[in-house]
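K.L.:
Below is the file work32.cif, with mmCIF, C-alpha atoms and all ligand atoms.
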```
data_input
#
loop_
_atom_site.group_PDB
_atom_site.id
_atom_site.type_symbol
_atom_site.label_atom_id
_atom_site.label_comp_id
_atom_site.auth_asym_id
_atom_site.auth_seq_id
_atom_site.Cartn_x
_atom_site.Cartn_y
_atom_site.Cartn_z
ATOM 1 C CA MET R 13 116.425 106.019 93.359
ATOM 2 C CA SER R 14 113.721 105.326 90.844
ATOM 3 C CA VAL R 15 110.067 105.685 91.780
ATOM 4 C CA ASN R 16 108.262 102.366 92.115
ATOM 5 C CA PHE R 17 104.688 101.229 92.554
ATOM 6 C CA ILE R 18 105.047 98.394 95.036
ATOM 7 C CA ASP R 19 102.478 99.198 97.703
ATOM 8 C CA ILE R 20 99.769 101.782 98.232
ATOM 9 C CA ALA R 21 101.232 102.276 101.718
ATOM 10 C CA ASP R 22 104.411 103.732 100.144
ATOM 11 C CA TYR R 23 102.482 106.525 98.434
ATOM 12 C CA ASN R 24 101.022 109.758 99.712
ATOM 13 C CA THR R 25 97.325 110.476 99.273
ATOM 14 C CA LYS R 26 97.972 113.418 96.979
ATOM 15 C CA ASP R 27 99.838 111.276 94.431
ATOM 16 C CA LEU R 28 97.281 108.460 94.677
ATOM 17 C CA LYS R 29 94.481 110.930 93.972
ATOM 18 C CA LYS R 30 96.472 112.381 91.077
ATOM 19 C CA VAL R 31 96.840 108.899 89.586
ATOM 20 C CA LEU R 32 93.096 108.229 89.969
ATOM 21 C CA LEU R 33 92.159 111.556 88.407
ATOM 22 C CA LEU R 34 94.398 110.864 85.421
ATOM 23 C CA ALA R 35 92.905 107.372 85.093
ATOM 24 C CA HIS R 36 89.394 108.866 84.893
ATOM 25 C CA GLN R 37 90.572 111.470 82.372
ATOM 26 C CA MET R 38 92.194 108.838 80.167
ATOM 27 C CA LYS R 39 89.136 106.601 80.362
ATOM 28 C CA SER R 40 86.896 109.435 79.227
ATOM 29 C CA GLY R 41 89.302 110.293 76.390
ATOM 30 C CA LEU R 42 90.169 113.740 77.722
ATOM 31 C CA VAL R 43 93.900 113.069 77.557
ATOM 32 C CA SER R 44 96.072 110.475 75.800
ATOM 33 C CA PRO R 45 99.643 110.843 77.052
ATOM 34 C CA THR R 46 102.440 108.770 75.522
ATOM 35 C CA PRO R 47 105.200 108.775 78.135
ATOM 36 C CA LEU R 48 106.465 105.365 77.023
ATOM 37 C CA LEU R 49 107.486 106.345 73.488
ATOM 38 C CA GLU R 50 110.797 104.613 72.714
ATOM 39 C CA LYS R 51 110.520 102.744 76.025
ATOM 40 C CA THR R 52 110.186 99.044 76.821
ATOM 41 C CA VAL R 53 108.389 97.679 79.857
ATOM 42 C CA ALA R 54 109.098 94.065 80.799
ATOM 43 C CA MET R 55 106.594 91.937 82.681
ATOM 44 C CA ILE R 56 107.697 88.899 84.655
ATOM 45 C CA PHE R 57 105.069 86.356 85.626
ATOM 46 C CA GLU R 58 105.736 83.745 88.296
ATOM 47 C CA LYS R 59 101.997 82.966 88.509
ATOM 48 C CA SER R 60 99.027 82.803 86.128
ATOM 49 C CA SER R 61 97.237 85.935 84.994
ATOM 50 C CA THR R 62 94.539 87.031 82.577
ATOM 51 C CA ARG R 63 93.656 90.608 83.511
ATOM 52 C CA THR R 64 97.049 91.830 84.716
ATOM 53 C CA ARG R 65 98.869 90.444 81.730
ATOM 54 C CA ILE R 66 96.451 91.715 79.089
ATOM 55 C CA SER R 67 95.694 95.075 80.687
ATOM 56 C CA PHE R 68 99.372 95.879 81.190
ATOM 57 C CA GLU R 69 100.266 94.847 77.646
ATOM 58 C CA VAL R 70 97.515 97.019 76.178
ATOM 59 C CA ALA R 71 98.303 99.852 78.608
ATOM 60 C CA ILE R 72 101.983 99.913 77.638
ATOM 61 C CA LYS R 73 101.083 99.984 73.935
ATOM 62 C CA GLN R 74 98.524 102.754 74.428
ATOM 63 C CA LEU R 75 101.179 104.825 76.216
ATOM 64 C CA GLY R 76 103.451 104.452 73.198
ATOM 65 C CA GLY R 77 105.744 101.776 74.630
ATOM 66 C CA THR R 78 106.776 98.219 73.848
ATOM 67 C CA PRO R 79 105.668 95.446 76.219
ATOM 68 C CA LEU R 80 107.878 92.434 76.796
ATOM 69 C CA ILE R 81 106.188 89.488 78.498
ATOM 70 C CA LEU R 82 108.450 87.028 80.294
ATOM 71 C CA ASN R 83 107.496 83.788 81.925
ATOM 72 C CA SER R 84 109.835 83.288 84.874
ATOM 73 C CA ASP R 85 110.055 79.543 84.092
ATOM 74 C CA ASP R 86 111.814 80.412 80.833
ATOM 75 C CA MET R 87 114.338 82.690 82.522
ATOM 76 C CA GLN R 88 117.591 81.735 84.213
ATOM 77 C CA LEU R 89 115.931 82.924 87.421
ATOM 78 C CA SER R 90 114.164 79.565 87.540
ATOM 79 C CA ARG R 91 117.595 77.873 87.464
ATOM 80 C CA GLY R 92 118.843 79.911 90.380
ATOM 81 C CA GLU R 93 120.365 83.008 88.767
ATOM 82 C CA PRO R 94 120.390 85.679 91.481
ATOM 83 C CA ILE R 95 117.668 88.318 91.347
ATOM 84 C CA ALA R 96 120.312 91.012 91.765
ATOM 85 C CA ASP R 97 122.108 89.967 88.568
ATOM 86 C CA THR R 98 118.834 89.555 86.659
ATOM 87 C CA ALA R 99 117.607 92.969 87.786
ATOM 88 C CA ARG R 100 120.863 94.750 86.954
ATOM 89 C CA VAL R 101 121.071 93.156 83.516
ATOM 90 C CA MET R 102 117.420 93.799 82.707
ATOM 91 C CA SER R 103 117.810 97.465 83.599
ATOM 92 C CA ARG R 104 120.296 97.793 80.702
ATOM 93 C CA TYR R 105 117.629 96.602 78.240
ATOM 94 C CA VAL R 106 114.272 97.854 79.513
ATOM 95 C CA ASP R 107 112.878 100.986 81.185
ATOM 96 C CA ALA R 108 110.564 99.481 83.816
ATOM 97 C CA ILE R 109 109.588 96.054 85.133
ATOM 98 C CA MET R 110 106.181 94.820 86.258
ATOM 99 C CA ILE R 111 106.402 91.648 88.357
ATOM 100 C CA ARG R 112 103.794 89.136 89.495
ATOM 101 C CA ALA R 113 105.741 87.282 92.143
ATOM 102 C CA LEU R 114 105.308 84.245 94.326
ATOM 103 C CA SER R 115 107.175 86.057 97.089
ATOM 104 C CA HIS R 116 106.883 89.777 97.809
ATOM 105 C CA GLN R 117 110.595 89.751 98.635
ATOM 106 C CA THR R 118 111.334 89.119 94.945
ATOM 107 C CA ILE R 119 109.720 92.451 94.082
ATOM 108 C CA LEU R 120 111.678 94.218 96.817
ATOM 109 C CA ASP R 121 114.913 92.588 95.628
ATOM 110 C CA PHE R 122 114.238 93.777 92.074
ATOM 111 C CA SER R 123 113.571 97.300 93.329
ATOM 112 C CA GLU R 124 116.803 97.327 95.315
ATOM 113 C CA ASN R 125 118.899 96.256 92.344
ATOM 114 C CA ALA R 126 117.270 97.389 89.123
ATOM 115 C CA GLY R 127 117.428 101.185 89.385
ATOM 116 C CA ILE R 128 114.384 101.453 87.115
ATOM 117 C CA PRO R 129 110.694 101.645 88.120
ATOM 118 C CA ILE R 130 109.305 98.380 89.527
ATOM 119 C CA ILE R 131 105.557 97.718 89.589
ATOM 120 C CA ASN R 132 103.891 95.110 91.783
ATOM 121 C CA GLY R 133 101.468 93.119 89.632
ATOM 122 C CA LEU R 134 100.469 90.967 92.657
ATOM 123 C CA SER R 135 102.500 89.159 95.252
ATOM 124 C CA ASN R 136 101.640 86.853 98.116
ATOM 125 C CA LEU R 137 101.430 90.015 100.218
ATOM 126 C CA SER R 138 99.591 92.644 98.178
ATOM 127 C CA HIS R 139 97.860 93.651 94.946
ATOM 128 C CA PRO R 140 98.022 97.463 94.775
ATOM 129 C CA CYS R 141 97.066 97.946 91.095
ATOM 130 C CA GLN R 142 93.867 96.021 91.782
ATOM 131 C CA ILE R 143 92.806 98.226 94.670
ATOM 132 C CA MET R 144 93.502 101.382 92.656
ATOM 133 C CA ALA R 145 91.135 99.999 89.993
ATOM 134 C CA ASP R 146 88.599 99.149 92.701
ATOM 135 C CA ILE R 147 88.720 102.696 94.083
ATOM 136 C CA MET R 148 88.323 104.073 90.564
ATOM 137 C CA THR R 149 85.228 101.880 90.124
ATOM 138 C CA ILE R 150 83.821 103.077 93.434
ATOM 139 C CA GLU R 151 84.418 106.708 92.372
ATOM 140 C CA GLU R 152 82.525 106.038 89.128
ATOM 141 C CA ASN R 153 79.539 104.848 91.122
ATOM 142 C CA PHE R 154 79.593 107.142 94.152
ATOM 143 C CA ASN R 155 81.771 110.017 92.963
ATOM 144 C CA SER R 156 84.105 109.682 95.970
ATOM 145 C CA ILE R 157 85.178 106.876 98.292
ATOM 146 C CA GLU R 158 85.285 109.268 101.253
ATOM 147 C CA GLY R 159 82.878 108.356 104.024
ATOM 148 C CA LEU R 160 81.758 105.122 102.361
ATOM 149 C CA THR R 161 81.660 101.739 104.062
ATOM 150 C CA ILE R 162 83.532 98.998 102.231
ATOM 151 C CA SER R 163 82.831 95.534 103.626
ATOM 152 C CA TRP R 164 85.176 92.664 102.874
ATOM 153 C CA PHE R 165 84.131 89.036 103.347
ATOM 154 C CA GLY R 166 86.250 85.908 103.633
ATOM 155 C CA ASP R 167 89.982 85.308 103.514
ATOM 156 C CA SER R 168 92.538 87.898 104.652
ATOM 157 C CA ASN R 169 94.682 87.717 101.549
ATOM 158 C CA ASN R 170 96.892 89.911 99.362
ATOM 159 C CA VAL R 171 93.937 91.878 97.993
ATOM 160 C CA LEU R 172 92.688 92.677 101.495
ATOM 161 C CA LYS R 173 96.195 93.801 102.492
ATOM 162 C CA SER R 174 96.075 96.447 99.770
ATOM 163 C CA TRP R 175 92.602 97.484 100.983
ATOM 164 C CA ILE R 176 94.098 97.965 104.463
ATOM 165 C CA ASP R 177 96.866 100.063 102.907
ATOM 166 C CA ALA R 178 94.237 102.113 101.073
ATOM 167 C CA ALA R 179 92.338 102.672 104.326
ATOM 168 C CA MET R 180 95.410 104.533 105.602
ATOM 169 C CA LYS R 181 95.348 106.866 102.605
ATOM 170 C CA PHE R 182 91.666 107.485 101.857
ATOM 171 C CA ARG R 183 88.946 108.286 104.370
ATOM 172 C CA PHE R 184 86.544 105.340 104.196
ATOM 173 C CA TYR R 185 85.381 102.703 106.669
ATOM 174 C CA LEU R 186 86.786 99.234 106.065
ATOM 175 C CA ARG R 187 84.894 96.348 107.652
ATOM 176 C CA ILE R 188 86.478 92.913 107.527
ATOM 177 C CA ALA R 189 84.301 89.865 108.126
ATOM 178 C CA SER R 190 86.118 86.571 108.553
ATOM 179 C CA PRO R 191 86.485 83.706 111.035
ATOM 180 C CA LYS R 192 88.870 84.543 113.860
ATOM 181 C CA ARG R 193 91.777 82.539 112.519
ATOM 182 C CA TYR R 194 91.443 84.067 109.032
ATOM 183 C CA GLN R 195 91.553 87.640 110.299
ATOM 184 C CA PRO R 196 94.417 89.872 109.155
ATOM 185 C CA ASP R 197 97.496 90.239 111.305
ATOM 186 C CA LYS R 198 96.549 92.253 114.431
ATOM 187 C CA HIS R 199 99.710 94.378 114.269
ATOM 188 C CA LEU R 200 99.104 95.262 110.639
ATOM 189 C CA VAL R 201 95.563 96.403 111.443
ATOM 190 C CA GLN R 202 96.665 98.290 114.543
ATOM 191 C CA GLU R 203 99.449 100.063 112.647
ATOM 192 C CA ALA R 204 96.928 101.146 110.031
ATOM 193 C CA ILE R 205 94.481 102.347 112.695
ATOM 194 C CA ASP R 206 97.289 104.249 114.403
ATOM 195 C CA VAL R 207 97.817 106.340 111.287
ATOM 196 C CA GLY R 208 94.124 107.070 110.822
ATOM 197 C CA ALA R 209 92.594 104.057 109.049
ATOM 198 C CA LYS R 210 89.035 103.250 110.112
ATOM 199 C CA ILE R 211 89.006 99.453 110.253
ATOM 200 C CA GLU R 212 86.690 97.119 112.150
ATOM 201 C CA LEU R 213 86.852 93.337 112.344
ATOM 202 C CA PHE R 214 83.714 91.190 112.467
ATOM 203 C CA GLU R 215 83.028 87.503 112.853
ATOM 204 C CA ASP R 216 79.390 87.936 111.837
ATOM 205 C CA SER R 217 79.000 88.673 108.122
ATOM 206 C CA ARG R 218 75.532 90.058 108.620
ATOM 207 C CA VAL R 219 76.727 92.792 110.944
ATOM 208 C CA ALA R 220 79.516 93.716 108.511
ATOM 209 C CA ALA R 221 77.069 93.955 105.594
ATOM 210 C CA GLN R 222 74.567 96.193 107.370
ATOM 211 C CA ASP R 223 74.140 99.476 105.423
ATOM 212 C CA ALA R 224 77.442 98.997 103.583
ATOM 213 C CA ASN R 225 78.053 100.798 100.275
ATOM 214 C CA VAL R 226 80.392 98.233 98.748
ATOM 215 C CA LEU R 227 80.562 94.481 99.315
ATOM 216 C CA VAL R 228 83.788 92.899 98.198
ATOM 217 C CA THR R 229 85.228 89.435 98.327
ATOM 218 C CA ASP R 230 87.867 87.271 96.687
ATOM 219 C CA VAL R 231 88.650 83.595 96.231
ATOM 220 C CA TRP R 232 89.017 81.497 99.364
ATOM 221 C CA VAL R 233 92.142 79.797 98.003
ATOM 222 C CA SER R 234 94.646 82.231 96.506
ATOM 223 C CA MET R 235 97.404 81.184 94.128
ATOM 224 C CA GLY R 236 100.047 79.412 96.171
ATOM 225 C CA ASP R 237 97.652 78.598 99.074
ATOM 226 C CA GLN R 238 96.705 75.083 100.136
ATOM 227 C CA GLU R 239 92.955 74.446 100.112
ATOM 228 C CA GLY R 240 92.978 72.484 103.406
ATOM 229 C CA THR R 241 89.747 73.204 105.274
ATOM 230 C CA ARG R 242 89.345 76.690 103.803
ATOM 231 C CA LEU R 243 86.147 75.977 101.843
ATOM 232 C CA ARG R 244 84.427 74.674 104.960
ATOM 233 C CA ASP R 245 85.877 77.339 107.269
ATOM 234 C CA LEU R 246 84.857 80.247 105.027
ATOM 235 C CA ARG R 247 81.433 78.949 103.952
ATOM 236 C CA ALA R 248 79.563 81.323 106.310
ATOM 237 C CA TYR R 249 81.289 84.288 104.616
ATOM 238 C CA GLN R 250 79.814 83.743 101.158
ATOM 239 C CA VAL R 251 78.295 86.871 99.613
ATOM 240 C CA HIS R 252 74.739 85.883 98.691
ATOM 241 C CA LYS R 253 71.482 87.686 98.010
ATOM 242 C CA GLU R 254 70.284 87.711 101.623
ATOM 243 C CA LEU R 255 73.585 89.228 102.749
ATOM 244 C CA PHE R 256 73.556 91.742 99.912
ATOM 245 C CA GLU R 257 70.072 92.862 100.884
ATOM 246 C CA LEU R 258 71.383 94.028 104.250
ATOM 247 C CA ALA R 259 73.581 96.603 102.487
ATOM 248 C CA ARG R 260 72.319 99.958 101.224
ATOM 249 C CA TYR R 261 69.829 99.812 98.362
ATOM 250 C CA ASP R 262 72.426 101.246 95.958
ATOM 251 C CA ALA R 263 75.347 99.105 97.159
ATOM 252 C CA ILE R 264 77.694 97.619 94.584
ATOM 253 C CA PHE R 265 79.506 94.304 94.498
ATOM 254 C CA LEU R 266 83.206 94.047 93.609
ATOM 255 C CA HIS R 267 85.492 91.063 93.010
ATOM 256 C CA CYS R 268 88.972 91.269 91.495
ATOM 257 C CA LEU R 269 88.376 88.013 89.525
ATOM 258 C CA PRO R 270 88.834 85.190 88.795
ATOM 259 C CA ALA R 271 85.816 84.173 90.922
ATOM 260 C CA ILE R 272 84.403 80.820 91.929
ATOM 261 C CA ARG R 273 80.622 81.053 91.825
ATOM 262 C CA GLY R 274 79.095 79.025 94.647
ATOM 263 C CA ASN R 275 82.118 79.561 96.912
ATOM 264 C CA GLU R 276 82.862 83.146 97.916
ATOM 265 C CA VAL R 277 79.892 84.584 95.978
ATOM 266 C CA THR R 278 76.688 83.280 94.443
ATOM 267 C CA ALA R 279 76.037 83.618 90.709
ATOM 268 C CA GLU R 280 72.959 85.670 91.579
ATOM 269 C CA VAL R 281 75.077 88.394 93.188
ATOM 270 C CA ILE R 282 78.152 88.403 90.929
ATOM 271 C CA ASP R 283 76.042 88.308 87.755
ATOM 272 C CA GLY R 284 73.353 90.571 89.212
ATOM 273 C CA PRO R 285 72.610 94.217 88.359
ATOM 274 C CA GLN R 286 74.628 95.668 91.241
ATOM 275 C CA SER R 287 77.810 93.817 90.364
ATOM 276 C CA LYS R 288 80.488 96.038 88.779
ATOM 277 C CA ILE R 289 83.096 93.353 88.132
ATOM 278 C CA ILE R 290 83.530 94.016 84.434
ATOM 279 C CA ASP R 291 83.955 97.791 84.885
ATOM 280 C CA GLN R 292 86.349 96.962 87.707
ATOM 281 C CA ALA R 293 88.394 94.724 85.400
ATOM 282 C CA GLU R 294 88.353 97.390 82.660
ATOM 283 C CA ASN R 295 89.597 99.971 85.132
ATOM 284 C CA ARG R 296 92.798 97.979 85.620
ATOM 285 C CA LEU R 297 93.794 99.228 82.178
ATOM 286 C CA HIS R 298 93.139 102.905 82.902
ATOM 287 C CA VAL R 299 94.601 102.968 86.374
ATOM 288 C CA GLN R 300 97.768 101.117 85.320
ATOM 289 C CA LYS R 301 98.225 103.592 82.469
ATOM 290 C CA ALA R 302 97.961 106.384 85.046
ATOM 291 C CA ILE R 303 100.432 104.627 87.366
ATOM 292 C CA MET R 304 102.955 104.322 84.526
ATOM 293 C CA CYS R 305 102.414 107.981 83.587
ATOM 294 C CA HIS R 306 103.155 108.866 87.187
ATOM 295 C CA LEU R 307 106.297 106.730 87.209
ATOM 296 C CA PHE R 308 107.555 108.398 84.044
ATOM 297 C CA GLU R 309 106.351 111.807 85.238
ATOM 298 C CA THR R 310 104.575 113.216 82.242
HETATM 299 N N1 LIG J 401 92.533 90.414 89.211
HETATM 300 C C1 LIG J 401 93.649 89.941 88.646
HETATM 301 O O1 LIG J 401 94.763 90.323 88.986
HETATM 302 O O2 LIG J 401 93.430 89.041 87.636
HETATM 303 P P1 LIG J 401 94.527 88.139 86.930
HETATM 304 O O3 LIG J 401 95.016 87.137 87.951
HETATM 305 O O4 LIG J 401 93.767 87.477 85.806
HETATM 306 O O5 LIG J 401 95.638 89.000 86.428
HETATM 307 N N1 LIG J 402 93.896 86.574 95.965
HETATM 308 C C1 LIG J 402 93.968 86.101 94.601
HETATM 309 C C2 LIG J 402 93.900 87.250 93.656
HETATM 310 C C3 LIG J 402 93.974 86.863 92.207
HETATM 311 C C4 LIG J 402 93.939 88.043 91.296
HETATM 312 C C5 LIG J 402 95.240 85.299 94.405
HETATM 313 O O1 LIG J 402 96.296 85.738 94.866
HETATM 314 O O2 LIG J 402 95.176 84.223 93.804
#
```
Could I get this file's structure written as structure tokens?
P.N.:
Amino acid sequence: MSVNFIDIADYNTKDLKKVLLLAHQMKSGLVSPTPLLEKTVAMIFEKSSTRTRISFEVAIKQLGGTPLILNSDDMQLSRGEPIADTARVMSRYVDAIMIRALSHQTILDFSENAGIPIINGLSNLSHPCQIMADIMTIEENFNSIEGLTISWFGDSNNVLKSWIDAAMKFRFYLRIASPKRYQPDKHLVQEAIDVGAKIELFEDSRVAAQDANVLVTDVWVSMGDQEGTRLRDLRAYQVHKELFELARYDAIFLHCLPAIRGNEVTAEVIDGPQSKIIDQAENRLHVQKAIMCHLFET
């Protein structure tokens, strides 16, 4: 069995911390490992991407490897070729596969059949590389995530799912503010709480923002979602200046991007001095390098 990076929940805290430490060390130039020399990493995209695509391509090159970017529409997959056949064939050509998938099951099917490391570059269910970069950004600002309060506002989407996974592995308080019918699955939250995650659900954004260290949000309509009444339903969960002022004086704002100013966050907050979105995007590069180092065990 090859080691994959499909969900934070699959990892132990020790390895996650090791990955983060290496990411910080690589960012500061302390180490420059090249575990991908002579290796090729393929990337399959079933959905659009700016950061994931570019940061992975640069990361693979910086680790000494060759990136191979594949648009799923150009592959026989889009004409119905089974994932199992695609995965088994690809494993004869390349050394690892990063996938951005419409369905999480596609990533699991690749991992079952490929026999080489599979990395989740976002699915409908989760976005683990993003949350590793978010934690790295939080560590840069507060040294450690332990004991901090991270408050999430808006839709319970793939990015939030990886935050819930992270809450099982790192000791921080996760507050989730959303309308009742947009709250995460009760069983998922309970399972996380049962293994030690500190998660609280709120319908009132203001209560969730009170004295928080990190305010985080994401688009109200994720790729593959229907807009429906989402913009109206989530309006009260916008992160704006008045909400931000309820947090601690040194609180930071995070957003995985792309963002829609005027929807989930105001321009004043996302472009303000406490927003760390560009560092957060940069950290995708470092953390993904560290994840690939871990997968190739240098
Ligand atoms: N945050 C993120 O994954 O961005 P992209 O969709 O641009 O890759
Ligand atoms: N939740 C968003 C994240 C984009 C990086 C989406 O899935 O579209």
K.L.:
Go through range 107-193 of chain R and flag each residue having an atom no more than 9 Å from range 52-75 of chain R; for those, report the closest pair of atoms plus their distance in Å to one decimal, using only C-alpha atoms, ordered by chain and rising number, as CSV.
P.N.:
```
residue,atom,partner,partner_atom,distance
R:Asp107,CA,R:Thr52,CA,5.5
R:Ala108,CA,R:Val53,CA,4.9
R:Ile109,CA,R:Ala54,CA,4.8
R:Met110,CA,R:Met55,CA,4.6
R:Ile111,CA,R:Ile56,CA,4.8
R:Arg112,CA,R:Phe57,CA,4.9
R:Ala113,CA,R:Glu58,CA,5.2
R:Leu114,CA,R:Glu58,CA,6.1
R:Gly133,CA,R:Thr64,CA,6.7
R:Leu134,CA,R:Thr64,CA,8.7
R:Cys141,CA,R:Thr64,CA,8.8
R:Gln142,CA,R:Thr64,CA,8.8
```
K.L.:
Name the closest residue to Gln37 in chain R among the candidates R:Glu276, R:Glu152, R:Asp197, R:Asp146; distances are taken between atoms, counting only C-alpha atoms.
P.N.:
R:Glu152
K.L.:
Take every atom of ligand LIG 402 (chain J) listed in the file, pad by 4 Å on each side, and give me the axis-aligned box centre and edge lengths in Å, one decimal, as AutoDock Vina command-line options.
P.N.:
```
--center_x 95.1 --center_y 86.1 --center_z 93.6 --size_x 10.4 --size_y 11.8 --size_z 12.7
```
K.L.:
For CA of Leu49 in chain R and CA of Phe308 in chain R, determine how far apart the two atoms are, in Å to one decimal place.
P.N.:
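So the answer is 10.8 Å.
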K.L.:
I need the residue set behind the PyMOL selection byres (((chain R and resi 259) around 9) and not hetatm) for this file; please write it as a PyMOL selection string.
P.N.:
chain R and resi 220-227+255-258+260-264
K.L.:
Applied to the shown file, which residues does the PyMOL selection byres (((chain R and resi 253) around 10) and not hetatm) return, written as a PDB file with C-alpha atoms, in the coordinates of the input?
P.N.:
```pdb
ATOM      1  CA  GLN R 250      79.814  83.743 101.158  1.00  0.00           C
ATOM      2  CA  VAL R 251      78.295  86.871  99.613  1.00  0.00           C
ATOM      3  CA  HIS R 252      74.739  85.883  98.691  1.00  0.00           C
ATOM      4  CA  GLU R 254      70.284  87.711 101.623  1.00  0.00           C
ATOM      5  CA  LEU R 255      73.585  89.228 102.749  1.00  0.00           C
ATOM      6  CA  PHE R 256      73.556  91.742  99.912  1.00  0.00           C
ATOM      7  CA  GLU R 257      70.072  92.862 100.884  1.00  0.00           C
ATOM      8  CA  LEU R 258      71.383  94.028 104.250  1.00  0.00           C
ATOM      9  CA  VAL R 277      79.892  84.584  95.978  1.00  0.00           C
ATOM     10  CA  THR R 278      76.688  83.280  94.443  1.00  0.00           C
ATOM     11  CA  ALA R 279      76.037  83.618  90.709  1.00  0.00           C
ATOM     12  CA  GLU R 280      72.959  85.670  91.579  1.00  0.00           C
ATOM     13  CA  VAL R 281      75.077  88.394  93.188  1.00  0.00           C
ATOM     14  CA  ILE R 282      78.152  88.403  90.929  1.00  0.00           C
ATOM     15  CA  GLY R 284      73.353  90.571  89.212  1.00  0.00           C
TER      16      GLY R 284
END
```
K.L.:
Need the shell around Ala99 in chain R: protein/DNA/RNA residues with any atom at most 7 Å away, counting only C-alpha atoms. Skip same-chain ones fewer than 4 positions apart. Format as a PDB file with C-alpha atoms, in the frame of the given file?
P.N.:
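Written out: result-v4.pdb:
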```
ATOM      1  CA  ILE R  95     117.668  88.318  91.347  1.00  0.00           C
ATOM      2  CA  SER R 103     117.810  97.465  83.599  1.00  0.00           C
ATOM      3  CA  PHE R 122     114.238  93.777  92.074  1.00  0.00           C
ATOM      4  CA  ASN R 125     118.899  96.256  92.344  1.00  0.00           C
ATOM      5  CA  ALA R 126     117.270  97.389  89.123  1.00  0.00           C
TER       6      ALA R 126
END
```
K.L.:
Under the rule that all atoms listed in the file are counted, which of R:Ala302, R:Ile128, R:Met180, R:Leu33 is the nearest residue to Met102 in chain R?
P.N.:
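Looking at the shortest contact to Met102 in chain R, the residue is R:Ile128.
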K.L.:
Tell me, in Å to one decimal, how far CA of Thr118 in chain R is from CA of Ser135 in chain R.
P.N.:
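Between CA of Thr118 in chain R and CA of Ser135 in chain R the gap is 8.8 Å.
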K.L.:
Regenerate range 105-109 of chain R at the level of all heavy atoms and dump it as an mmCIF file, keeping the file's coordinate frame.
P.N.:
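Writing done, so here's rebuild39.cif:
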```cif
data_model
loop_
_atom_site.group_PDB
_atom_site.id
_atom_site.type_symbol
_atom_site.label_atom_id
_atom_site.label_comp_id
_atom_site.auth_asym_id
_atom_site.auth_seq_id
_atom_site.Cartn_x
_atom_site.Cartn_y
_atom_site.Cartn_z
ATOM 1 N N TYR R 105 118.432 96.841 79.453
ATOM 2 C CA TYR R 105 117.629 96.602 78.240
ATOM 3 C C TYR R 105 116.284 97.324 78.254
ATOM 4 O O TYR R 105 115.771 97.723 77.221
ATOM 5 C CB TYR R 105 117.312 95.108 78.086
ATOM 6 C CG TYR R 105 118.480 94.157 78.075
ATOM 7 C CD1 TYR R 105 118.407 92.952 78.771
ATOM 8 C CD2 TYR R 105 119.641 94.432 77.345
ATOM 9 C CE1 TYR R 105 119.451 92.047 78.756
ATOM 10 C CE2 TYR R 105 120.689 93.531 77.332
ATOM 11 C CZ TYR R 105 120.600 92.339 78.035
ATOM 12 O OH TYR R 105 121.630 91.446 78.026
ATOM 13 N N VAL R 106 115.659 97.358 79.451
ATOM 14 C CA VAL R 106 114.272 97.854 79.513
ATOM 15 C C VAL R 106 114.185 99.047 80.457
ATOM 16 O O VAL R 106 115.124 99.334 81.214
ATOM 17 C CB VAL R 106 113.291 96.736 79.949
ATOM 18 C CG1 VAL R 106 113.409 95.521 79.039
ATOM 19 C CG2 VAL R 106 113.491 96.329 81.417
ATOM 20 N N ASP R 107 113.026 99.731 80.440
ATOM 21 C CA ASP R 107 112.878 100.986 81.185
ATOM 22 C C ASP R 107 112.070 100.840 82.465
ATOM 23 O O ASP R 107 112.054 101.748 83.304
ATOM 24 C CB ASP R 107 112.234 102.030 80.271
ATOM 25 C CG ASP R 107 113.097 102.265 79.044
ATOM 26 O OD1 ASP R 107 114.071 103.007 79.158
ATOM 27 O OD2 ASP R 107 112.818 101.652 77.979
ATOM 28 N N ALA R 108 111.327 99.744 82.591
ATOM 29 C CA ALA R 108 110.564 99.481 83.816
ATOM 30 C C ALA R 108 110.235 97.993 83.826
ATOM 31 O O ALA R 108 110.271 97.337 82.773
ATOM 32 C CB ALA R 108 109.272 100.296 83.854
ATOM 33 N N ILE R 109 109.937 97.481 85.021
ATOM 34 C CA ILE R 109 109.588 96.054 85.133
ATOM 35 C C ILE R 109 108.347 95.913 86.004
ATOM 36 O O ILE R 109 108.291 96.448 87.120
ATOM 37 C CB ILE R 109 110.733 95.213 85.757
ATOM 38 C CG1 ILE R 109 112.066 95.457 85.023
ATOM 39 C CG2 ILE R 109 110.372 93.718 85.733
ATOM 40 C CD1 ILE R 109 113.274 94.771 85.700
#
```
